[in-house]
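Everything below concerns the one structure shown next.
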Amino acid sequence: MQHTPTFRRRRFTPLLPAATVFLALVTGVAPAAAKPVATASPGLDGVTAGTAAIASVDLAGRWAFTPAGRGATSIAVPGGGWYKQGFTDVSEAVYSRTITVPDQGRPQSTWIEFGAVNHEATLSVDGNKVATRTTAFTPQNFDISAYAAPGTTHTISVAVKGRNAMKNPANGKYVVPDAAEWSEAVPQGIYRSAFLRVYPAVYVSDTFIRTSVTDKTLSYDVSVTNTSGSARSVTLSGGLSSATGASFGYPALPGRTATVAAHSTVTVRVGPVAWTPGSTSYWWPNVPYRPGYRAQLHKLAVHVVTDDGRSSDAAYRFGFRESAQNGEYYTVNGVRVNLRGDNLQGADFDRIDNGGKGDAYDTLPGFLPPSAGNGGWPQAVDNYQRLNFNVVRVHQEPASPYMLDVADELGLMIIDETGIRGSNGLQDFVAGHDYMVEHARALTLRDRNHPAIVRWSQSNEPDLSGFDSEKFEKDLYAAMNGADGTRPISVDSGPGQPANPYPGISYPNFATFGHYLDGLGKYGERLQPVAGRPDGEGEYIWPACNTKRGFEWFATATAAKRGKDAADLRPYTLLSGWAGVVPGVRTTDFTPEEGGHPIYGADNLADPWGNPQLQRIQAAFNPVAAIDLPYWSASGVSDSNGAFPLPGSVDTYRHGSAVTRNITVFNDDLSGGAVGFSWTARLDRPDGPVVASGGETLSIPLGTRVTRPVSFTTPAGGSRVYLVLSTTKSGNTVFRDAVEYFGLGTPKSTVDDANPSVTYTGTWGHAADEPGIFAGTNSYSDVAGDTATLSFAGTGVTLRGVTAPGHGIAAISVDGGAETLVDEYAAERTGDVAVWTSPRLTSGPHTIRVRVTGTQRPAATDNWVTVDRFEIVD
């Protein structure tokens, strides 16, 4: 039997014993309405749960440490594990120290509890082996009662094998879920915490709380463990209170009695009990973003008394909420919720040298409680929410309990993912099957009382591993669903995989989300629907996410995919664009998975909310946004500077002409179907004279969108019209955007290089699906004399090409006239560049010819000539 530790800023969530007995009490209730509400609460500190321990000794400090094949030294425990402390080439080691067992003057059981161990640990007392456990990122606990009597002193030793000692000798693959084999600094050995704890001989070892908004009921399973040598009769009672200082009329909880056999555990189910506090007591995400928001949280106190008069107490914090998968979308508390957010890759932050590399979640200030000069993890959560991200998939390396506690308090939804990764084929799911499945189960048991967790992610890109199978995924599902059963479960599948890679898995709370549907590092707007299942995209953009162009796609690609009714969108990964989302992290602090460095961080972005790229992302993710989707798509690929809009992609209208734009208004709020939508056309500036305006109140079901026409007549003068869009809820502005503008004057039209009207002679090549160029296509040649010709009608023409270090000189002529030499060289590759514009032509038919000269400037590495598109002036 195992149970998980409780310690400062950690939730007490012991593991459910392998053998249990279930008792049940059922009470019926009537339904009631649901509504989100923001309330004040005590200070944010992440403290959640009490403990059933009657004595606790912190074992943090210096331990003897003997790496395999080396002499003895010492190490700090927990200290972030051995890699962080400079033992970077260690695969196996033995920790040891002396302990004295507190004597509580009553029958007791004694445990050694580690917050996390990667991966296999064998604990011995005075040389006598107690047990071997194998885990990944989750607690390990050892019952030493039979080896260490109360009041006695002993030597404990822990022989630990890290990931490099946990490989299949037949193929060199890991048999444990190591999360990120590409990161050298993933924590190894003992980390997070180490405690000696004493419990009563009969004690509360776990409680799992279930809440149903549909039925308006609460039920919970209390596990009572009897370590004594005789059966015990126990009486169980419980009480509810607010964990946030609110005042609610809580229901009385029924008492129960049970008999617990010697050396066994019984699980007593209480409920369902009618939930009487009403909808204002529900846990809701902070959507739309409200500064200072605190979610409603409650406390369950559990009290057990044995037939000999001894007692055990434990307390658990929870939120009253329900997360469900309803066909093609998700719901929270019965309300459709479209997930929009990030994939947080902790292994990147492990690479930061903060007194050594490793275990960022437990040692880096930005993941910890606020400290001098650093807002800590609460500030990071606020940063996510201010960006209008409503969810974070904690990717591969599971979050610390403190991180989940803060997400509970601030209302950030979490997708909780295992460390099971198929991406590089370095985890052996066959030889390591049991370790992988037990890891999925252990993570679920550790985290299942956190209301912020709205979905489990059982594996990442497993279908790329070479070891994946439908049976393996069913086993993972069974482990997680069996330990919880109240949440949806998903798999993030690899790029290039079918929309439904597991056709034999038809569970109603299961879905898969593909990665890189438009290709790696490419802009695109594709989704991959599966009938009857939520669709979306679990990762896109990487590895272009640490370029300004790619970072702009967080906005433009997300907006486009939102317009296609995606249930879950998570570009990958925010830390490469803005490392400072985690307070204090600089661009120079680490090398991300894709190489290079992040774009923005604490060292170069003092005011993130004034940054145009972050402002564009805020707009794209705003739950009640009003977006001209075709306008955004026209500039979707952006440029090397991350510009939006692209001047060459902006429509031009004649003075005095009628204009209609179709605006999509989203309602991804969690309450209120009435959305106020207004628009204003302004001359030359976002705050210029009003040309026209309009507004209406729209009825938009939650989680959906509508498209409305905006029509006006352009003015007789001026050079631009700005279209300012805004939305309101209950009279409060929730969205305003003023970057959209249109040119006034002579309209232009575009002929792409791939258009059949462009005639190529010679050996031109034609690229497709390329990021950063117009429509993803361009044509190219380095053979002197090759030509590209276009006949058009208008008063002018511009050649837009691709400039790059290997590009040379083109010769351009109109209507057979004199050629003009144009150099397409540039130090960095950039698409859709205006390389030549004709003088004004007489209105009528004309022909432009582009000829490859075969020449180049000295600095150029080659002589390629490109055509991206032609821009025609009417």
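Numbering starts fresh at 1 for the residues of each chain in the structure tokens, the chains themselves are lettered A, B, ... in the order given, and ligands are numbered from 1 as they appear.
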Using only C-alpha atoms, determine which residues lie at most 10 Å from A:Gly425, disregarding the query and same-chain residues fewer than 2 positions distant; provide the list as a list of chain:residue names.
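Near A:Gly425, the qualifying residues are A:Lys173, A:Tyr174, A:Glu181, A:Arg421, A:Gly422, A:Ser423, A:Gln427, A:Asp428, A:Phe429, A:Glu461, A:Pro462, A:Asp463, A:Leu464, A:Ser465, A:Gly466, A:Phe467, A:Asp468.
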Once you have the residues from the selection above, write them out as a JSON list (two decimals), in the first residue's frame, restricted to C-alpha atoms.
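As written to disk, selection_26.json reads:
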```json
[["chain", "number", "residue", "atom", "x", "y", "z"],
["A", 173, "LYS", "CA", 15.49, 2.52, -25.34],
["A", 174, "TYR", "CA", 14.10, 3.87, -22.08],
["A", 181, "GLU", "CA", 15.14, 12.62, -23.68],
["A", 421, "ARG", "CA", 6.59, 10.36, -25.31],
["A", 422, "GLY", "CA", 6.92, 8.68, -28.68],
["A", 423, "SER", "CA", 8.33, 11.60, -30.65],
["A", 427, "GLN", "CA", 10.83, 5.08, -25.10],
["A", 428, "ASP", "CA", 10.10, 1.37, -25.40],
["A", 429, "PHE", "CA", 6.37, 1.00, -24.71],
["A", 461, "GLU", "CA", 3.02, 11.61, -30.21],
["A", 462, "PRO", "CA", 3.08, 7.91, -29.28],
["A", 463, "ASP", "CA", 2.36, 6.92, -32.88],
["A", 464, "LEU", "CA", 5.87, 8.07, -33.88],
["A", 465, "SER", "CA", 7.61, 5.70, -31.46],
["A", 466, "GLY", "CA", 7.59, 2.42, -33.35],
["A", 467, "PHE", "CA", 6.29, 0.78, -30.15],
["A", 468, "ASP", "CA", 2.75, 2.18, -30.01]]
```
May I have the residues within 9 Å of A:Val690 as a ChimeraX atom specification, using only C-alpha atoms and disregarding those fewer than 6 positions away in the same chain?
/A:680-683
If you take only C-alpha atoms and a cut-off of 10 Å, which residues of stretch 184-293 of chain A touch stretch 78-102 of chain A, and what are their nearest atom pairs and distances in Å to one decimal, in chain and number order, as a tab-separated table?
```
residue	atom	partner	partner_atom	distance
A:Glu184	CA	A:Thr88	CA	8.4
A:Ala185	CA	A:Tyr83	CA	6.5
A:Val186	CA	A:Tyr83	CA	7.9
A:Pro187	CA	A:Gly81	CA	5.5
A:Gln188	CA	A:Gly81	CA	5.1
A:Gly189	CA	A:Gly81	CA	5.1
A:Ile190	CA	A:Gly81	CA	5.3
A:Tyr191	CA	A:Pro78	CA	4.3
A:Arg192	CA	A:Pro78	CA	5.5
A:Ser193	CA	A:Pro78	CA	5.3
A:Ala194	CA	A:Pro78	CA	6.5
A:Leu196	CA	A:Val101	CA	7.9
A:Arg197	CA	A:Val101	CA	8.7
A:Val198	CA	A:Pro102	CA	7.4
```
Go ahead and write the selection's residues with N, CA, C and O atoms as a PDB file, in the first residue's frame.
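part.pdb written:
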```
ATOM      1  N   GLU A 184      18.988  17.360 -21.448  1.00  0.00           N
ATOM      2  CA  GLU A 184      19.951  16.727 -20.562  1.00  0.00           C
ATOM      3  C   GLU A 184      19.642  16.953 -19.085  1.00  0.00           C
ATOM      4  O   GLU A 184      20.133  16.234 -18.209  1.00  0.00           O
ATOM      5  N   ALA A 185      18.777  17.959 -18.783  1.00  0.00           N
ATOM      6  CA  ALA A 185      18.652  18.436 -17.411  1.00  0.00           C
ATOM      7  C   ALA A 185      17.352  18.036 -16.723  1.00  0.00           C
ATOM      8  O   ALA A 185      17.015  18.580 -15.676  1.00  0.00           O
ATOM      9  N   VAL A 186      16.581  17.099 -17.299  1.00  0.00           N
ATOM     10  CA  VAL A 186      15.389  16.598 -16.611  1.00  0.00           C
ATOM     11  C   VAL A 186      15.823  16.029 -15.259  1.00  0.00           C
ATOM     12  O   VAL A 186      16.824  15.319 -15.180  1.00  0.00           O
ATOM     13  N   PRO A 187      15.125  16.354 -14.166  1.00  0.00           N
ATOM     14  CA  PRO A 187      15.612  15.941 -12.839  1.00  0.00           C
ATOM     15  C   PRO A 187      15.792  14.433 -12.717  1.00  0.00           C
ATOM     16  O   PRO A 187      14.979  13.649 -13.209  1.00  0.00           O
ATOM     17  N   GLN A 188      16.866  14.062 -12.012  1.00  0.00           N
ATOM     18  CA  GLN A 188      17.194  12.661 -11.765  1.00  0.00           C
ATOM     19  C   GLN A 188      17.416  12.446 -10.274  1.00  0.00           C
ATOM     20  O   GLN A 188      17.914  13.323  -9.578  1.00  0.00           O
ATOM     21  N   GLY A 189      17.064  11.245  -9.804  1.00  0.00           N
ATOM     22  CA  GLY A 189      17.247  10.928  -8.399  1.00  0.00           C
ATOM     23  C   GLY A 189      16.103  11.433  -7.550  1.00  0.00           C
ATOM     24  O   GLY A 189      14.978  11.622  -8.018  1.00  0.00           O
ATOM     25  N   ILE A 190      16.375  11.680  -6.260  1.00  0.00           N
ATOM     26  CA  ILE A 190      15.368  12.180  -5.320  1.00  0.00           C
ATOM     27  C   ILE A 190      15.258  13.689  -5.478  1.00  0.00           C
ATOM     28  O   ILE A 190      16.273  14.399  -5.487  1.00  0.00           O
ATOM     29  N   TYR A 191      14.047  14.195  -5.615  1.00  0.00           N
ATOM     30  CA  TYR A 191      13.860  15.642  -5.661  1.00  0.00           C
ATOM     31  C   TYR A 191      12.486  16.005  -5.124  1.00  0.00           C
ATOM     32  O   TYR A 191      11.719  15.139  -4.707  1.00  0.00           O
ATOM     33  N   ARG A 192      12.202  17.263  -5.061  1.00  0.00           N
ATOM     34  CA  ARG A 192      10.955  17.867  -4.586  1.00  0.00           C
ATOM     35  C   ARG A 192      10.846  17.882  -3.064  1.00  0.00           C
ATOM     36  O   ARG A 192      10.652  18.927  -2.484  1.00  0.00           O
ATOM     37  N   SER A 193      10.943  16.735  -2.371  1.00  0.00           N
ATOM     38  CA  SER A 193      10.854  16.738  -0.902  1.00  0.00           C
ATOM     39  C   SER A 193      11.249  15.380  -0.364  1.00  0.00           C
ATOM     40  O   SER A 193      11.280  14.385  -1.093  1.00  0.00           O
ATOM     41  N   ALA A 194      11.544  15.360   0.937  1.00  0.00           N
ATOM     42  CA  ALA A 194      11.814  14.106   1.640  1.00  0.00           C
ATOM     43  C   ALA A 194      11.360  14.270   3.084  1.00  0.00           C
ATOM     44  O   ALA A 194      11.763  15.222   3.761  1.00  0.00           O
ATOM     45  N   LEU A 196      10.033  12.049   6.861  1.00  0.00           N
ATOM     46  CA  LEU A 196       9.646  10.912   7.686  1.00  0.00           C
ATOM     47  C   LEU A 196       8.319  11.292   8.323  1.00  0.00           C
ATOM     48  O   LEU A 196       8.222  12.344   8.965  1.00  0.00           O
ATOM     49  N   ARG A 197       7.313  10.441   8.148  1.00  0.00           N
ATOM     50  CA  ARG A 197       6.007  10.771   8.712  1.00  0.00           C
ATOM     51  C   ARG A 197       5.472   9.610   9.544  1.00  0.00           C
ATOM     52  O   ARG A 197       5.645   8.441   9.185  1.00  0.00           O
ATOM     53  N   VAL A 198       4.809   9.993  10.611  1.00  0.00           N
ATOM     54  CA  VAL A 198       4.192   9.021  11.497  1.00  0.00           C
ATOM     55  C   VAL A 198       2.688   9.195  11.445  1.00  0.00           C
ATOM     56  O   VAL A 198       2.178  10.330  11.546  1.00  0.00           O
TER      57      VAL A 198
END
```
Residues within 8 Å of A:Met166, please, as a list in words. Count only C-alpha atoms; anything in the same chain fewer than 6 positions from it doesn't count.
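What passes the distance filter is His119, Tyr174, Val175 and Val176 of chain A.
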Export of prior selection with all heavy atoms as an mmCIF file, in the first residue's frame:
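Writing the result to out31.cif gives the following:
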```
data_model
loop_
_atom_site.group_PDB
_atom_site.id
_atom_site.type_symbol
_atom_site.label_atom_id
_atom_site.label_comp_id
_atom_site.auth_asym_id
_atom_site.auth_seq_id
_atom_site.Cartn_x
_atom_site.Cartn_y
_atom_site.Cartn_z
ATOM 1 N N HIS A 119 14.370 7.290 -11.138
ATOM 2 C CA HIS A 119 13.118 6.586 -11.415
ATOM 3 C C HIS A 119 12.960 5.402 -10.452
ATOM 4 O O HIS A 119 11.963 5.292 -9.797
ATOM 5 C CB HIS A 119 13.064 6.113 -12.865
ATOM 6 C CG HIS A 119 12.965 7.228 -13.847
ATOM 7 N ND1 HIS A 119 11.741 7.794 -14.188
ATOM 8 C CD2 HIS A 119 13.893 7.916 -14.533
ATOM 9 C CE1 HIS A 119 11.934 8.756 -15.070
ATOM 10 N NE2 HIS A 119 13.223 8.861 -15.282
ATOM 11 N N TYR A 174 14.550 3.722 -23.465
ATOM 12 C CA TYR A 174 14.100 3.870 -22.084
ATOM 13 C C TYR A 174 12.858 3.010 -21.824
ATOM 14 O O TYR A 174 11.945 2.960 -22.656
ATOM 15 C CB TYR A 174 13.766 5.327 -21.778
ATOM 16 C CG TYR A 174 14.957 6.258 -21.835
ATOM 17 C CD1 TYR A 174 15.079 7.201 -22.847
ATOM 18 C CD2 TYR A 174 15.965 6.190 -20.874
ATOM 19 C CE1 TYR A 174 16.170 8.052 -22.908
ATOM 20 C CE2 TYR A 174 17.058 7.040 -20.933
ATOM 21 C CZ TYR A 174 17.163 7.968 -21.944
ATOM 22 O OH TYR A 174 18.238 8.807 -22.002
ATOM 23 N N VAL A 175 12.816 2.388 -20.646
ATOM 24 C CA VAL A 175 11.631 1.633 -20.254
ATOM 25 C C VAL A 175 10.794 2.393 -19.237
ATOM 26 O O VAL A 175 9.797 1.884 -18.730
ATOM 27 C CB VAL A 175 12.008 0.243 -19.686
ATOM 28 C CG1 VAL A 175 12.659 -0.601 -20.767
ATOM 29 C CG2 VAL A 175 12.910 0.375 -18.455
ATOM 30 N N VAL A 176 11.194 3.631 -18.945
ATOM 31 C CA VAL A 176 10.420 4.517 -18.068
ATOM 32 C C VAL A 176 10.082 5.779 -18.851
ATOM 33 O O VAL A 176 10.805 6.162 -19.774
ATOM 34 C CB VAL A 176 11.200 4.885 -16.787
ATOM 35 C CG1 VAL A 176 11.319 3.686 -15.876
ATOM 36 C CG2 VAL A 176 12.566 5.469 -17.120
#
```
Near-stretch 604-620 of chain A list (6 Å; only C-alpha atoms; drop same-chain fewer than 2 positions) as a list in words:
Leu387, Asn388, Ala555, Ala559, Gly601, Ala602 and Asn622 of chain A
Per DSSP on the backbone, what are the strand (DSSP E) residues of stretch 352-556 of chain A, as a PyMOL selection string?
chain A and resi 391-395+413-417+453-460+489-492+510-513+536-537
Saved selection, atoms kept: C-alpha atoms, as a PDB file, in the first residue's frame:
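The resulting file, selection38.pdb, is reproduced below:
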```
ATOM      1  CA  VAL A 391      -5.730  26.394 -20.761  1.00  0.00           C
ATOM      2  CA  VAL A 392      -2.193  25.067 -20.459  1.00  0.00           C
ATOM      3  CA  ARG A 393      -1.162  21.535 -21.322  1.00  0.00           C
ATOM      4  CA  VAL A 394       1.654  20.877 -18.860  1.00  0.00           C
ATOM      5  CA  HIS A 395       3.620  19.000 -21.433  1.00  0.00           C
ATOM      6  CA  MET A 413      -7.563  25.184 -16.809  1.00  0.00           C
ATOM      7  CA  ILE A 414      -4.903  22.471 -17.045  1.00  0.00           C
ATOM      8  CA  ILE A 415      -4.452  19.491 -19.365  1.00  0.00           C
ATOM      9  CA  ASP A 416      -2.389  17.142 -17.187  1.00  0.00           C
ATOM     10  CA  GLU A 417      -0.030  15.050 -19.312  1.00  0.00           C
ATOM     11  CA  ILE A 453      -7.400  19.817 -14.347  1.00  0.00           C
ATOM     12  CA  VAL A 454     -10.107  19.512 -16.975  1.00  0.00           C
ATOM     13  CA  ARG A 455      -8.542  16.733 -19.058  1.00  0.00           C
ATOM     14  CA  TRP A 456      -5.871  14.052 -18.900  1.00  0.00           C
ATOM     15  CA  SER A 457      -3.381  13.639 -21.750  1.00  0.00           C
ATOM     16  CA  GLN A 458      -2.183  10.053 -21.647  1.00  0.00           C
ATOM     17  CA  SER A 459       0.672  10.292 -24.171  1.00  0.00           C
ATOM     18  CA  ASN A 460       2.434  12.626 -26.590  1.00  0.00           C
ATOM     19  CA  ILE A 489      -8.876  11.816 -21.719  1.00  0.00           C
ATOM     20  CA  SER A 490      -6.905  12.487 -24.897  1.00  0.00           C
ATOM     21  CA  VAL A 491      -3.810  11.669 -26.914  1.00  0.00           C
ATOM     22  CA  ASP A 492      -1.769  14.277 -28.775  1.00  0.00           C
ATOM     23  CA  PHE A 510     -11.686  10.042 -25.464  1.00  0.00           C
ATOM     24  CA  ALA A 511     -10.256  12.109 -28.333  1.00  0.00           C
ATOM     25  CA  THR A 512      -7.023  12.606 -30.258  1.00  0.00           C
ATOM     26  CA  PHE A 513      -5.491  15.891 -31.412  1.00  0.00           C
ATOM     27  CA  GLY A 536      -8.451  21.120 -33.121  1.00  0.00           C
ATOM     28  CA  GLU A 537      -4.661  21.016 -33.097  1.00  0.00           C
TER      29      GLU A 537
END
```
How close does each residue of stretch 60-129 of chain A get to stretch 135-147 of chain A, giving the shortest atom pair and distance in Å to one decimal for every residue with an atom at most 6 Å away, counting only C-alpha atoms, sorted by chain and residue number, as a Markdown table?
```
| residue | atom | partner | partner_atom | distance |
| --- | --- | --- | --- | --- |
| A:Ser109 | CA | A:Ser145 | CA | 5.3 |
| A:Thr110 | CA | A:Ser145 | CA | 4.8 |
| A:Trp111 | CA | A:Asp143 | CA | 4.5 |
| A:Ile112 | CA | A:Phe142 | CA | 5.2 |
| A:Glu113 | CA | A:Asn141 | CA | 4.4 |
| A:Phe114 | CA | A:Gln140 | CA | 5.2 |
| A:Gly115 | CA | A:Pro139 | CA | 4.6 |
| A:Ala116 | CA | A:Pro139 | CA | 4.3 |
| A:Asn118 | CA | A:Ala136 | CA | 5.2 |
| A:His119 | CA | A:Thr135 | CA | 5.1 |
```
Serialized selection, C-alpha atoms, as a short mmCIF file (atom, residue, chain, number, x, y, z; two decimals), in the first residue's frame:
```cif
data_model
loop_
_atom_site.label_atom_id
_atom_site.label_comp_id
_atom_site.auth_asym_id
_atom_site.auth_seq_id
_atom_site.Cartn_x
_atom_site.Cartn_y
_atom_site.Cartn_z
CA SER A 109 2.97 3.44 11.42
CA THR A 110 6.11 5.08 10.08
CA TRP A 111 6.81 6.07 6.49
CA ILE A 112 9.61 7.57 4.41
CA GLU A 113 8.01 9.78 1.76
CA PHE A 114 9.71 11.37 -1.24
CA GLY A 115 7.96 14.07 -3.26
CA ALA A 116 9.35 12.59 -6.48
CA ASN A 118 13.26 9.53 -11.11
CA HIS A 119 13.12 6.59 -11.41
#
```
Residues near stretch 780-783 of chain A, cut-off 7 Å, only C-alpha atoms, skip fewer than 6 positions along chain, as a compact mmCIF listing (two decimals) with all heavy atoms, in the first residue's frame:
```txt
# COMPACT_ATOMS: atom_id res chain seq x y z
N THR A 763 13.86 26.25 -67.32
CA THR A 763 13.88 25.18 -66.31
C THR A 763 13.49 25.70 -64.93
O THR A 763 14.15 25.42 -63.93
CB THR A 763 15.28 24.55 -66.24
OG1 THR A 763 16.24 25.59 -65.95
CG2 THR A 763 15.63 23.88 -67.55
N TRP A 764 12.45 26.48 -64.83
CA TRP A 764 12.00 27.03 -63.55
C TRP A 764 11.54 25.92 -62.61
O TRP A 764 10.91 24.94 -63.03
CB TRP A 764 10.83 28.00 -63.76
CG TRP A 764 11.23 29.28 -64.44
CD1 TRP A 764 11.41 29.46 -65.77
CD2 TRP A 764 11.47 30.54 -63.81
NE1 TRP A 764 11.76 30.77 -66.04
CE2 TRP A 764 11.80 31.46 -64.84
CE3 TRP A 764 11.45 30.99 -62.49
CZ2 TRP A 764 12.11 32.79 -64.59
CZ3 TRP A 764 11.75 32.32 -62.24
CH2 TRP A 764 12.08 33.20 -63.27
N GLY A 765 11.83 26.11 -61.32
CA GLY A 765 11.27 25.26 -60.29
C GLY A 765 10.12 25.97 -59.60
O GLY A 765 10.01 27.21 -59.65
N HIS A 766 9.26 25.21 -58.98
CA HIS A 766 8.07 25.78 -58.35
C HIS A 766 7.89 25.18 -56.96
O HIS A 766 7.68 23.97 -56.81
CB HIS A 766 6.84 25.53 -59.21
CG HIS A 766 7.00 25.98 -60.63
ND1 HIS A 766 6.89 27.29 -61.02
CD2 HIS A 766 7.33 25.28 -61.75
CE1 HIS A 766 7.11 27.39 -62.31
NE2 HIS A 766 7.38 26.17 -62.79
N VAL A 852 16.14 35.73 -66.23
CA VAL A 852 17.26 35.36 -65.37
C VAL A 852 18.56 35.74 -66.08
O VAL A 852 18.81 35.32 -67.21
CB VAL A 852 17.26 33.85 -65.07
CG1 VAL A 852 18.43 33.47 -64.17
CG2 VAL A 852 15.93 33.43 -64.45
N GLY A 854 21.72 35.26 -64.75
CA GLY A 854 22.84 34.39 -64.40
C GLY A 854 23.95 35.11 -63.69
O GLY A 854 25.04 34.55 -63.51
N ASN A 863 22.93 32.72 -57.86
CA ASN A 863 22.33 33.72 -58.75
C ASN A 863 20.85 33.46 -59.01
O ASN A 863 20.33 33.79 -60.07
CB ASN A 863 23.09 33.79 -60.08
CG ASN A 863 23.06 32.46 -60.84
OD1 ASN A 863 22.38 31.53 -60.44
ND2 ASN A 863 23.81 32.41 -61.93
N TRP A 864 20.15 32.84 -58.04
CA TRP A 864 18.74 32.51 -58.23
C TRP A 864 17.90 33.77 -58.43
O TRP A 864 18.12 34.80 -57.78
CB TRP A 864 18.20 31.75 -57.02
CG TRP A 864 18.78 30.38 -56.84
CD1 TRP A 864 19.78 30.03 -56.00
CD2 TRP A 864 18.39 29.20 -57.53
NE1 TRP A 864 20.06 28.69 -56.11
CE2 TRP A 864 19.22 28.15 -57.04
CE3 TRP A 864 17.44 28.93 -58.52
CZ2 TRP A 864 19.11 26.85 -57.50
CZ3 TRP A 864 17.33 27.63 -58.96
CH2 TRP A 864 18.15 26.60 -58.47
N VAL A 865 16.91 33.65 -59.30
CA VAL A 865 15.90 34.69 -59.50
C VAL A 865 14.55 34.07 -59.17
O VAL A 865 14.27 32.92 -59.53
CB VAL A 865 15.92 35.21 -60.95
CG1 VAL A 865 14.69 36.07 -61.24
CG2 VAL A 865 17.19 36.00 -61.21
N THR A 866 13.72 34.84 -58.47
CA THR A 866 12.43 34.30 -58.02
C THR A 866 11.28 35.21 -58.43
O THR A 866 11.43 36.41 -58.61
CB THR A 866 12.39 34.17 -56.48
OG1 THR A 866 12.47 35.46 -55.90
CG2 THR A 866 13.53 33.30 -55.97
N VAL A 867 10.11 34.58 -58.55
CA VAL A 867 8.83 35.28 -58.72
C VAL A 867 7.91 34.78 -57.62
O VAL A 867 7.66 33.57 -57.53
CB VAL A 867 8.21 35.02 -60.10
CG1 VAL A 867 6.83 35.68 -60.20
CG2 VAL A 867 9.13 35.53 -61.20
```
Looking only at the backbone, which of the residues in stretch 247-442 of chain A does DSSP tag as alpha helix (DSSP H), as a ChimeraX atom specification?
/A:346-349,360-363,376-386,401-410,433-442
Could you give me, as a list in words, the residues within 12 Å of A:Asp308, counting only C-alpha atoms and dropping anything in the same chain fewer than 5 positions from it?
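Here the qualifying residues turn out to be Arg106, Pro107, Ala201, Val202, Ser230, Ala231, Arg232, Ser233, Val234 and Thr235 of chain A.
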Non-local contacts of A:Asn333 (8 Å; only C-alpha atoms; under 2 positions in same chain excluded) as a list in words
Ala34, Val213, Thr214, Arg321, Glu322, Ser323, Thr331 and Val335 of chain A
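The gap separating atom CA of A:Pro495 from atom CA of A:Phe621 is 23.8 Å, in Å to one decimal.
What separates atom CA of A:Ala643 from atom CA of A:Tyr631 is a distance of 13.7 Å.
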Atom CA of A:Trp377 to atom CA of A:Thr363: how many Å, to one decimal?
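One can read the atom CA of A:Trp377 to atom CA of A:Thr363 distance as 11.5 Å.
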Using only C-alpha atoms: which of A:Asp221, A:Asp58, A:Asp565, A:Asp178 has the shortest distance to A:Phe195:
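Distance minimum relative to A:Phe195 lands on A:Asp58.
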